file my_file03.cif (mmCIF, C-alpha atoms and all ligand atoms)
data_upload
loop_
_atom_site.label_atom_id
_atom_site.label_comp_id
_atom_site.auth_asym_id
_atom_site.auth_seq_id
_atom_site.Cartn_x
_atom_site.Cartn_y
_atom_site.Cartn_z
CA MET A 516 0.00 0.00 0.00
CA ASN A 517 1.54 3.31 -0.92
CA LYS A 518 2.05 6.05 1.64
CA LYS A 519 -0.78 8.27 0.36
CA ILE A 520 -3.41 5.51 0.48
CA PHE A 521 -2.15 4.36 3.89
CA LYS A 522 -2.47 7.92 5.23
CA LYS A 523 -5.97 8.23 3.82
CA TYR A 524 -7.08 5.02 5.54
CA LEU A 525 -5.32 6.02 8.75
CA ASN A 526 -7.17 9.36 8.75
CA TRP A 527 -10.44 7.65 7.94
CA THR A 528 -9.97 5.14 10.79
CA LEU A 529 -9.00 7.88 13.25
CA ASP A 530 -12.03 9.92 12.19
CA LEU A 531 -14.26 6.91 12.85
CA ILE A 532 -12.77 6.23 16.27
CA PHE A 533 -12.65 9.92 17.24
CA PRO A 534 -15.43 11.57 15.24
CA GLY A 535 -14.20 15.11 14.75
CA PHE A 536 -15.86 18.43 14.41
CA CYS A 537 -15.02 20.76 11.62
CA PRO A 538 -12.40 23.16 13.04
CA LEU A 539 -14.03 26.08 11.22
CA CYS A 540 -17.73 25.81 12.09
CA ARG A 541 -17.36 23.41 15.05
CA ASN A 542 -20.92 22.24 14.63
CA GLN A 543 -20.65 19.58 12.03
CA ALA A 544 -19.23 16.17 12.84
CA PHE A 545 -17.78 14.54 9.81
CA ALA A 546 -15.54 11.63 9.02
CA ASP A 547 -14.63 11.31 5.39
CA GLY A 548 -11.01 10.49 6.17
CA GLU A 549 -9.84 13.03 3.67
CA HIS A 550 -10.75 16.62 4.48
CA TYR A 551 -9.61 18.83 7.34
CA SER A 552 -12.60 21.21 7.13
CA CYS A 553 -16.16 20.19 6.32
CA LEU A 554 -17.31 20.62 2.74
CA SER A 555 -19.90 23.28 3.65
CA CYS A 556 -17.15 25.46 5.13
CA LEU A 557 -14.92 24.83 2.14
CA ASP A 558 -17.77 25.89 -0.16
CA GLU A 559 -18.41 29.06 1.85
CA LEU A 560 -14.85 30.40 1.82
CA PRO A 561 -14.58 33.45 -0.47
CA TRP A 562 -12.79 31.84 -3.40
CA VAL A 563 -11.46 34.00 -6.19
CA THR A 564 -13.31 32.73 -9.24
CA GLY A 565 -13.78 35.62 -11.64
CA THR A 566 -11.88 38.59 -12.99
CA ARG A 567 -8.98 39.62 -10.81
CA CYS A 568 -6.01 41.93 -10.47
CA GLU A 569 -3.25 40.42 -12.59
CA LEU A 570 -0.59 41.12 -9.95
CA CYS A 571 -2.04 40.35 -6.52
CA GLY A 572 -5.06 38.30 -7.61
CA ILE A 573 -7.88 40.08 -5.74
CA PRO A 574 -11.27 39.97 -7.45
CA MET A 575 -12.13 42.97 -9.60
CA ALA A 576 -15.30 43.81 -11.39
CA GLY A 577 -14.72 44.43 -15.06
CA ILE A 578 -14.17 42.90 -18.39
CA ASP A 579 -11.73 40.03 -18.44
CA PHE A 580 -8.78 41.49 -20.29
CA ARG A 581 -5.07 41.28 -19.67
CA GLY A 582 -3.72 44.21 -17.72
CA LEU A 583 -6.46 44.67 -15.11
CA ARG A 584 -4.70 45.99 -11.99
CA CYS A 585 -6.06 47.07 -8.60
CA THR A 586 -5.33 50.53 -7.21
CA ASN A 587 -2.62 49.30 -4.84
CA CYS A 588 -0.79 47.38 -7.55
CA ARG A 589 -1.03 50.34 -9.95
CA GLU A 590 0.67 52.54 -7.37
CA GLU A 591 3.45 50.10 -6.52
CA ASN A 592 6.48 49.46 -8.66
CA LEU A 593 6.25 45.67 -8.44
CA SER A 594 9.01 43.45 -9.77
CA PHE A 595 6.78 40.48 -10.63
CA GLU A 596 4.65 40.17 -13.75
CA SER A 597 1.61 38.27 -12.48
CA GLY A 598 0.08 36.75 -9.37
CA ARG A 599 -2.78 34.63 -8.08
CA CYS A 600 -4.41 34.08 -4.71
CA MET A 601 -6.99 31.41 -3.97
CA MET A 602 -9.30 33.18 -1.52
CA LEU A 603 -9.95 36.40 0.30
CA LEU A 604 -9.21 36.05 3.98
CA ASP A 605 -12.45 36.27 5.93
CA VAL A 606 -12.60 35.04 9.55
CA LYS A 607 -12.63 31.38 8.52
CA GLY A 608 -9.82 31.82 6.01
CA LYS A 609 -7.72 33.64 8.61
CA ASN A 610 -8.36 30.81 11.08
CA LEU A 611 -7.08 28.26 8.58
CA ILE A 612 -3.86 30.17 7.95
CA HIS A 613 -3.45 30.85 11.66
CA GLU A 614 -3.80 27.15 12.55
CA MET A 615 -1.14 26.24 10.03
CA LYS A 616 1.28 29.09 10.65
CA TYR A 617 1.15 29.53 14.41
CA HIS A 618 -0.01 26.12 15.62
CA GLY A 619 1.84 23.99 13.07
CA VAL A 620 -1.29 22.16 11.92
CA LYS A 621 0.00 20.71 8.66
CA ASP A 622 -3.30 18.85 8.23
CA VAL A 623 -4.81 22.11 6.96
CA ILE A 624 -2.94 21.34 3.73
CA ARG A 625 -4.93 18.10 3.35
CA ASP A 626 -7.63 20.28 1.81
CA PHE A 627 -5.38 21.75 -0.85
CA PRO A 628 -6.83 19.60 -3.69
CA ALA A 629 -10.33 20.77 -2.64
CA TRP A 630 -9.13 24.39 -2.67
CA VAL A 631 -7.74 23.90 -6.17
CA GLU A 632 -11.15 22.62 -7.34
CA ARG A 633 -12.68 25.88 -6.10
CA SER A 634 -10.02 28.16 -7.64
CA PRO A 635 -10.32 28.03 -11.43
CA GLY A 636 -7.07 28.74 -13.23
CA PHE A 637 -4.90 28.54 -10.12
CA VAL A 638 -2.98 25.39 -11.04
CA GLU A 639 -2.49 26.65 -14.60
CA HIS A 640 -0.67 29.59 -13.04
CA LEU A 641 1.81 27.17 -11.43
CA VAL A 642 2.67 24.81 -14.29
CA ASP A 643 6.07 24.74 -16.01
CA SER A 644 7.64 26.79 -13.23
CA ILE A 645 10.12 26.73 -10.43
CA LEU A 646 8.26 27.34 -7.16
CA ILE A 647 10.35 29.19 -4.61
CA PRO A 648 8.92 29.40 -1.07
CA VAL A 649 9.43 32.70 0.75
CA PRO A 650 12.08 31.74 3.32
CA LEU A 651 12.11 32.36 7.05
CA HIS A 652 15.23 33.63 8.77
CA PRO A 653 17.18 30.62 10.19
CA LYS A 654 16.45 31.83 13.75
CA ARG A 655 12.70 32.05 13.08
CA LEU A 656 12.79 28.68 11.31
CA GLN A 657 14.48 27.15 14.32
CA SER A 658 11.93 28.49 16.78
CA ARG A 659 8.92 27.67 14.57
CA GLY A 660 10.27 24.34 13.38
CA PHE A 661 8.82 24.58 9.87
CA ASN A 662 8.25 27.00 7.03
CA GLN A 663 4.57 27.04 6.07
CA SER A 664 5.43 28.43 2.61
CA GLN A 665 7.50 25.30 1.98
CA TRP A 666 4.48 23.13 2.93
CA ILE A 667 2.27 25.14 0.58
CA ALA A 668 4.77 24.94 -2.30
CA GLU A 669 4.99 21.16 -1.84
CA ALA A 670 1.18 20.87 -1.92
CA MET A 671 1.12 23.03 -5.07
CA ILE A 672 3.69 20.86 -6.79
CA ARG A 673 1.58 17.74 -6.29
CA GLU A 674 -1.18 19.43 -8.31
CA THR A 675 1.08 20.35 -11.24
CA ARG A 676 1.74 16.66 -11.93
CA GLY A 677 5.46 16.92 -12.46
CA SER A 678 5.54 19.99 -14.68
CA SER A 679 7.07 22.18 -11.95
CA GLU A 680 9.42 21.76 -9.05
CA VAL A 681 10.08 23.34 -5.67
CA TYR A 682 13.48 24.92 -5.25
CA ASP A 683 14.26 26.35 -1.82
CA CYS A 684 16.99 28.65 -3.11
CA LEU A 685 16.29 31.96 -1.35
CA ARG A 686 17.53 32.81 2.11
CA ARG A 687 16.53 35.52 4.50
CA THR A 688 19.59 37.51 5.47
CA LYS A 689 17.88 39.84 7.97
CA ASN A 690 15.82 38.63 10.90
CA THR A 691 13.15 41.29 10.40
CA PRO A 692 10.31 41.82 12.88
CA THR A 693 6.92 40.45 11.84
CA GLN A 694 5.07 42.67 9.38
CA THR A 695 1.68 42.40 11.10
CA LYS A 696 1.78 45.71 12.97
CA PHE A 697 3.39 47.77 10.18
CA ASP A 698 1.69 49.96 7.60
CA ARG A 699 2.43 49.74 3.88
CA SER A 700 5.59 51.90 3.79
CA GLU A 701 6.99 50.42 7.01
CA ARG A 702 6.51 46.94 5.59
CA LYS A 703 8.50 47.87 2.51
CA LYS A 704 11.32 49.33 4.56
CA ASN A 705 11.31 46.34 6.91
CA VAL A 706 11.97 43.74 4.20
CA LYS A 707 14.14 45.81 1.84
CA ASN A 708 17.30 43.86 0.99
CA ALA A 709 16.29 41.13 3.46
CA PHE A 710 16.72 38.29 0.94
CA ALA A 711 19.52 36.75 -1.10
CA LEU A 712 19.97 33.83 -3.45
CA LYS A 713 21.63 30.87 -1.74
CA PRO A 714 25.18 30.33 -3.01
CA GLY A 715 25.89 27.41 -5.30
CA ASN A 716 22.52 27.15 -7.02
CA CYS A 717 22.48 26.47 -10.72
CA LEU A 718 19.04 27.81 -11.67
CA ASP A 719 18.68 28.81 -15.30
CA ARG A 720 17.81 32.53 -15.43
CA GLU A 721 15.32 31.78 -18.23
CA ASN A 722 13.11 29.73 -15.87
CA ARG A 723 9.67 30.99 -14.98
CA ILE A 724 9.69 31.55 -11.22
CA VAL A 725 6.64 31.48 -8.94
CA LEU A 726 7.26 32.87 -5.45
CA VAL A 727 5.04 31.13 -2.89
CA ASP A 728 3.74 32.57 0.38
CA ASP A 729 0.75 31.92 2.62
CA VAL A 730 -0.73 35.42 2.52
CA TYR A 731 -0.58 38.48 0.26
CA THR A 732 -1.14 41.63 2.32
CA THR A 733 0.68 44.57 0.73
CA GLY A 734 2.99 42.43 -1.40
CA ALA A 735 6.08 43.94 0.29
CA THR A 736 7.69 40.61 1.24
CA LEU A 737 7.02 38.95 -2.11
CA ASN A 738 8.26 42.01 -3.92
CA ALA A 739 11.48 42.11 -1.88
CA CYS A 740 12.07 38.48 -2.95
CA ALA A 741 11.27 39.37 -6.57
CA ASP A 742 13.70 42.34 -6.42
CA THR A 743 16.44 39.97 -5.30
CA LEU A 744 15.74 37.63 -8.21
CA VAL A 745 15.63 40.49 -10.72
CA GLY A 746 19.01 41.62 -9.36
CA GLU A 747 20.30 38.09 -10.02
CA GLY A 748 19.19 38.18 -13.67
CA PHE A 749 15.73 36.53 -13.55
CA ASN A 750 12.95 38.28 -15.42
CA ARG A 751 9.99 35.90 -15.50
CA ILE A 752 8.70 36.15 -11.94
CA SER A 753 5.18 35.52 -10.64
CA VAL A 754 3.68 35.07 -7.18
CA ALA A 755 1.09 32.69 -5.72
CA THR A 756 -0.55 32.79 -2.30
CA LEU A 757 -3.35 30.99 -0.50
CA GLY A 758 -5.09 34.09 0.75
CA HIS A 759 -5.29 37.82 0.29
CA GLY A 760 -5.97 40.03 3.27
ZN ZN B 1 -17.39 23.38 8.84
ZN ZN B 2 -3.56 44.04 -7.17
#

call {"tool": "encode", "arguments": {"input": "my_file03.cif", "output": "structure tokens"}}
result
Amino acid sequence: MNKKIFKKYLNWTLDLIFPGFCPLCRNQAFADGEHYSCLSCLDELPWVTGTRCELCGIPMAGIDFRGLRCTNCREENLSFESGRCMMLLDVKGKNLIHEMKYHGVKDVIRDFPAWVERSPGFVEHLVDSILIPVPLHPKRLQSRGFNQSQWIAEAMIRETRGSSEVYDCLRRTKNTPTQTKFDRSERKKNVKNAFALKPGNCLDRENRIVLVDDVYTTGATLNACADTLVGEGFNRISVATLGHG
């Protein structure tokens, strides 16, 4: 029995023995052995399904043409050429990210294939690319024990069916304070020149790069990573995040 099937049966058995409640709504017991959240909650999350900003991915009303950009992205001088996010972060979406990022609940990622089903065009954005997770500073990585962006990139790669690969080739050179309490300009200043390419990599500069992070807020962190890559000679850079907010 391969590892994936074994895990599925293990989850299914555990769900039967310890019938769980959906961590998002907490009022629906379910045991399908596959999903982390119940399907009703998954359906209710604010997925991005229609026209969107071509750089950060937020939904925008308008005709679907190339070059639609939101006000924030129009004002910024962004170093990436396109971007997608899967959902807007409402309370439930924030809870999901929070569970994964601050409580280390990797099981949240079990739902990634179900998220993909609800995000038309998202996987197409990832194919034939090198996915680079936004790195944590070694000190932060040591205290947290994992990099959630690496988990997300690995889940993404499983959906691209071998057309892309994850390459953890960026490093964070400055242990910057968390961005959460900063405004837009402080965020930019905080992460400026905070990243570098790891020495010894042999990435072809012609590759299409997709930078992966959990959340797009102002885009400052992703753009600082993109700036680093542009400085190293890359010019086909995109971004992909789970949520925007
Ligand atoms: Zn639920
Ligand atoms: Zn935008």

call {"tool": "residues_near_ligand", "arguments": {"input": "my_file03.cif", "ligand": "ligand ZN 1 (chain B)", "cutoff": "6 Å", "atoms": "all atoms listed in the file", "output": "PyMOL selection string"}}
result
chain A and resi 537+539-540+543+552-553+555-556

call {"tool": "atom_distance", "arguments": {"input": "my_file03.cif", "atom1": "atom CA of Lys689 of chain A", "atom2": "atom CA of Ala709 of chain A"}}
result
5.0 Å

call {"tool": "residues_near_ligand", "arguments": {"input": "my_file03.cif", "ligand": "ligand ZN 2 (chain B)", "cutoff": "6 Å", "atoms": "only C-alpha atoms and all ligand atoms", "output": "list in words"}}
result
Cys568, Leu570, Cys571, Gly572, Arg584, Cys585, Asn587 and Cys588 of chain A

call {"tool": "closest_residue", "arguments": {"input": "my_file03.cif", "among": "A:Gly608, A:Pro628, A:Gly577, A:Gly660", "to": "Leu560 of chain A", "atoms": "only C-alpha atoms"}}
result
A:Gly608

call {"tool": "residues_around", "arguments": {"input": "my_file03.cif", "residues": "Tyr682 of chain A", "least_positions_apart": "4", "cutoff": "10 Å", "atoms": "all atoms listed in the file", "output": "ChimeraX atom specification"}}
result
/A:645-648,665,668-669,716,718,724

call {"tool": "write_last_selection", "arguments": {"input": "my_file03.cif", "atoms": "C-alpha atoms", "output": "JSON list (two decimals), keeping the file's coordinate frame"}}
result
[["chain", "number", "residue", "atom", "x", "y", "z"],
["A", 645, "ILE", "CA", 10.12, 26.73, -10.43],
["A", 646, "LEU", "CA", 8.26, 27.34, -7.16],
["A", 647, "ILE", "CA", 10.35, 29.19, -4.61],
["A", 648, "PRO", "CA", 8.92, 29.40, -1.07],
["A", 665, "GLN", "CA", 7.50, 25.30, 1.98],
["A", 668, "ALA", "CA", 4.77, 24.94, -2.30],
["A", 669, "GLU", "CA", 4.99, 21.16, -1.84],
["A", 716, "ASN", "CA", 22.52, 27.15, -7.02],
["A", 718, "LEU", "CA", 19.04, 27.81, -11.67],
["A", 724, "ILE", "CA", 9.69, 31.55, -11.22]]

call {"tool": "atom_distance", "arguments": {"input": "my_file03.cif", "atom1": "atom CA of Phe697 of chain A", "atom2": "atom CA of Trp562 of chain A"}}
result
26.5 Å

call {"tool": "closest_residue", "arguments": {"input": "my_file03.cif", "among": "A:Thr691, A:Ile573, A:Glu721, A:Gly548", "to": "Ser597 of chain A", "atoms": "all atoms listed in the file"}}
result
A:Ile573

call {"tool": "residues_near_point", "arguments": {"input": "my_file03.cif", "point": "(-8.4, 30.5, 7.1)", "cutoff": "12 Å", "atoms": "all atoms listed in the file", "output": "PDB file with C-alpha atoms, in the coordinates of the input"}}
result
ATOM      1  CA  PRO A 538     -12.400  23.160  13.040  1.00  0.00           C
ATOM      2  CA  LEU A 539     -14.030  26.080  11.220  1.00  0.00           C
ATOM      3  CA  CYS A 540     -17.730  25.810  12.090  1.00  0.00           C
ATOM      4  CA  TYR A 551      -9.610  18.830   7.340  1.00  0.00           C
ATOM      5  CA  SER A 552     -12.600  21.210   7.130  1.00  0.00           C
ATOM      6  CA  CYS A 556     -17.150  25.460   5.130  1.00  0.00           C
ATOM      7  CA  LEU A 557     -14.920  24.830   2.140  1.00  0.00           C
ATOM      8  CA  GLU A 559     -18.410  29.060   1.850  1.00  0.00           C
ATOM      9  CA  LEU A 560     -14.850  30.400   1.820  1.00  0.00           C
ATOM     10  CA  PRO A 561     -14.580  33.450  -0.470  1.00  0.00           C
ATOM     11  CA  TRP A 562     -12.790  31.840  -3.400  1.00  0.00           C
ATOM     12  CA  MET A 601      -6.990  31.410  -3.970  1.00  0.00           C
ATOM     13  CA  MET A 602      -9.300  33.180  -1.520  1.00  0.00           C
ATOM     14  CA  LEU A 603      -9.950  36.400   0.300  1.00  0.00           C
ATOM     15  CA  LEU A 604      -9.210  36.050   3.980  1.00  0.00           C
ATOM     16  CA  ASP A 605     -12.450  36.270   5.930  1.00  0.00           C
ATOM     17  CA  VAL A 606     -12.600  35.040   9.550  1.00  0.00           C
ATOM     18  CA  LYS A 607     -12.630  31.380   8.520  1.00  0.00           C
ATOM     19  CA  GLY A 608      -9.820  31.820   6.010  1.00  0.00           C
ATOM     20  CA  LYS A 609      -7.720  33.640   8.610  1.00  0.00           C
ATOM     21  CA  ASN A 610      -8.360  30.810  11.080  1.00  0.00           C
ATOM     22  CA  LEU A 611      -7.080  28.260   8.580  1.00  0.00           C
ATOM     23  CA  ILE A 612      -3.860  30.170   7.950  1.00  0.00           C
ATOM     24  CA  HIS A 613      -3.450  30.850  11.660  1.00  0.00           C
ATOM     25  CA  GLU A 614      -3.800  27.150  12.550  1.00  0.00           C
ATOM     26  CA  MET A 615      -1.140  26.240  10.030  1.00  0.00           C
ATOM     27  CA  LYS A 616       1.280  29.090  10.650  1.00  0.00           C
ATOM     28  CA  VAL A 620      -1.290  22.160  11.920  1.00  0.00           C
ATOM     29  CA  VAL A 623      -4.810  22.110   6.960  1.00  0.00           C
ATOM     30  CA  ILE A 624      -2.940  21.340   3.730  1.00  0.00           C
ATOM     31  CA  ASP A 626      -7.630  20.280   1.810  1.00  0.00           C
ATOM     32  CA  TRP A 630      -9.130  24.390  -2.670  1.00  0.00           C
ATOM     33  CA  ASP A 729       0.750  31.920   2.620  1.00  0.00           C
ATOM     34  CA  VAL A 730      -0.730  35.420   2.520  1.00  0.00           C
ATOM     35  CA  LEU A 757      -3.350  30.990  -0.500  1.00  0.00           C
ATOM     36  CA  GLY A 758      -5.090  34.090   0.750  1.00  0.00           C
ATOM     37  CA  HIS A 759      -5.290  37.820   0.290  1.00  0.00           C
ATOM     38  CA  GLY A 760      -5.970  40.030   3.270  1.00  0.00           C
TER      39      GLY A 760
END

call {"tool": "residues_around", "arguments": {"input": "my_file03.cif", "residues": "Arg673 of chain A", "least_positions_apart": "6", "cutoff": "10 Å", "atoms": "only C-alpha atoms", "output": "MDAnalysis selection string"}}
result
chainID A and resid 627:628 679:680

call {"tool": "residues_around", "arguments": {"input": "my_file03.cif", "residues": "Leu641 of chain A", "least_positions_apart": "4", "cutoff": "8 Å", "atoms": "only C-alpha atoms", "output": "PDB file with C-alpha atoms, in the coordinates of the input"}}
result
ATOM      1  CA  PHE A 637      -4.900  28.540 -10.120  1.00  0.00           C
ATOM      2  CA  LEU A 646       8.260  27.340  -7.160  1.00  0.00           C
ATOM      3  CA  MET A 671       1.120  23.030  -5.070  1.00  0.00           C
ATOM      4  CA  THR A 675       1.080  20.350 -11.240  1.00  0.00           C
ATOM      5  CA  SER A 679       7.070  22.180 -11.950  1.00  0.00           C
ATOM      6  CA  VAL A 725       6.640  31.480  -8.940  1.00  0.00           C
ATOM      7  CA  ALA A 755       1.090  32.690  -5.720  1.00  0.00           C
TER       8      ALA A 755
END

call {"tool": "closest_residue", "arguments": {"input": "my_file03.cif", "among": "A:Asp683, A:Glu701, A:Asp742, A:Glu549", "to": "Asp622 of chain A", "atoms": "only C-alpha atoms"}}
result
A:Glu549

call {"tool": "atom_distance", "arguments": {"input": "my_file03.cif", "atom1": "atom CA of Arg633 of chain A", "atom2": "atom CA of Asn722 of chain A"}}
result
27.8 Å

call {"tool": "residues_around", "arguments": {"input": "my_file03.cif", "residues": "Arg687 of chain A", "least_positions_apart": "4", "cutoff": "8 Å", "atoms": "only C-alpha atoms", "output": "number ranges by chain"}}
result
A: 650-653, 709-711

call {"tool": "closest_residue", "arguments": {"input": "my_file03.cif", "among": "A:Glu591, A:Asp558, A:Glu596, A:Glu747", "to": "Lys713 of chain A", "atoms": "only C-alpha atoms"}}
result
A:Glu747

call {"tool": "closest_residue", "arguments": {"input": "my_file03.cif", "among": "A:Arg589, A:Arg625, A:Arg686, A:His550", "to": "Trp666 of chain A", "atoms": "only C-alpha atoms"}}
result
A:Arg625

call {"tool": "decode", "arguments": {"input": "my_file03.cif", "residues": "segment 637-659 of chain A", "atoms": "C-alpha atoms", "output": "CSV table (one decimal), in the first residue's frame"}}
result
chain,number,residue,atom,x,y,z
A,637,PHE,CA,-4.9,28.5,-10.1
A,638,VAL,CA,-3.0,25.4,-11.0
A,639,GLU,CA,-2.5,26.6,-14.6
A,640,HIS,CA,-0.7,29.6,-13.0
A,641,LEU,CA,1.8,27.2,-11.4
A,642,VAL,CA,2.7,24.8,-14.3
A,643,ASP,CA,6.1,24.7,-16.0
A,644,SER,CA,7.6,26.8,-13.2
A,645,ILE,CA,10.1,26.7,-10.4
A,646,LEU,CA,8.3,27.3,-7.2
A,647,ILE,CA,10.4,29.2,-4.6
A,648,PRO,CA,8.9,29.4,-1.1
A,649,VAL,CA,9.4,32.7,0.8
A,650,PRO,CA,12.1,31.7,3.3
A,651,LEU,CA,12.1,32.4,7.0
A,652,HIS,CA,15.2,33.6,8.8
A,653,PRO,CA,17.2,30.6,10.2
A,654,LYS,CA,16.5,31.8,13.8
A,655,ARG,CA,12.7,32.1,13.1
A,656,LEU,CA,12.8,28.7,11.3
A,657,GLN,CA,14.5,27.1,14.3
A,658,SER,CA,11.9,28.5,16.8
A,659,ARG,CA,8.9,27.7,14.6
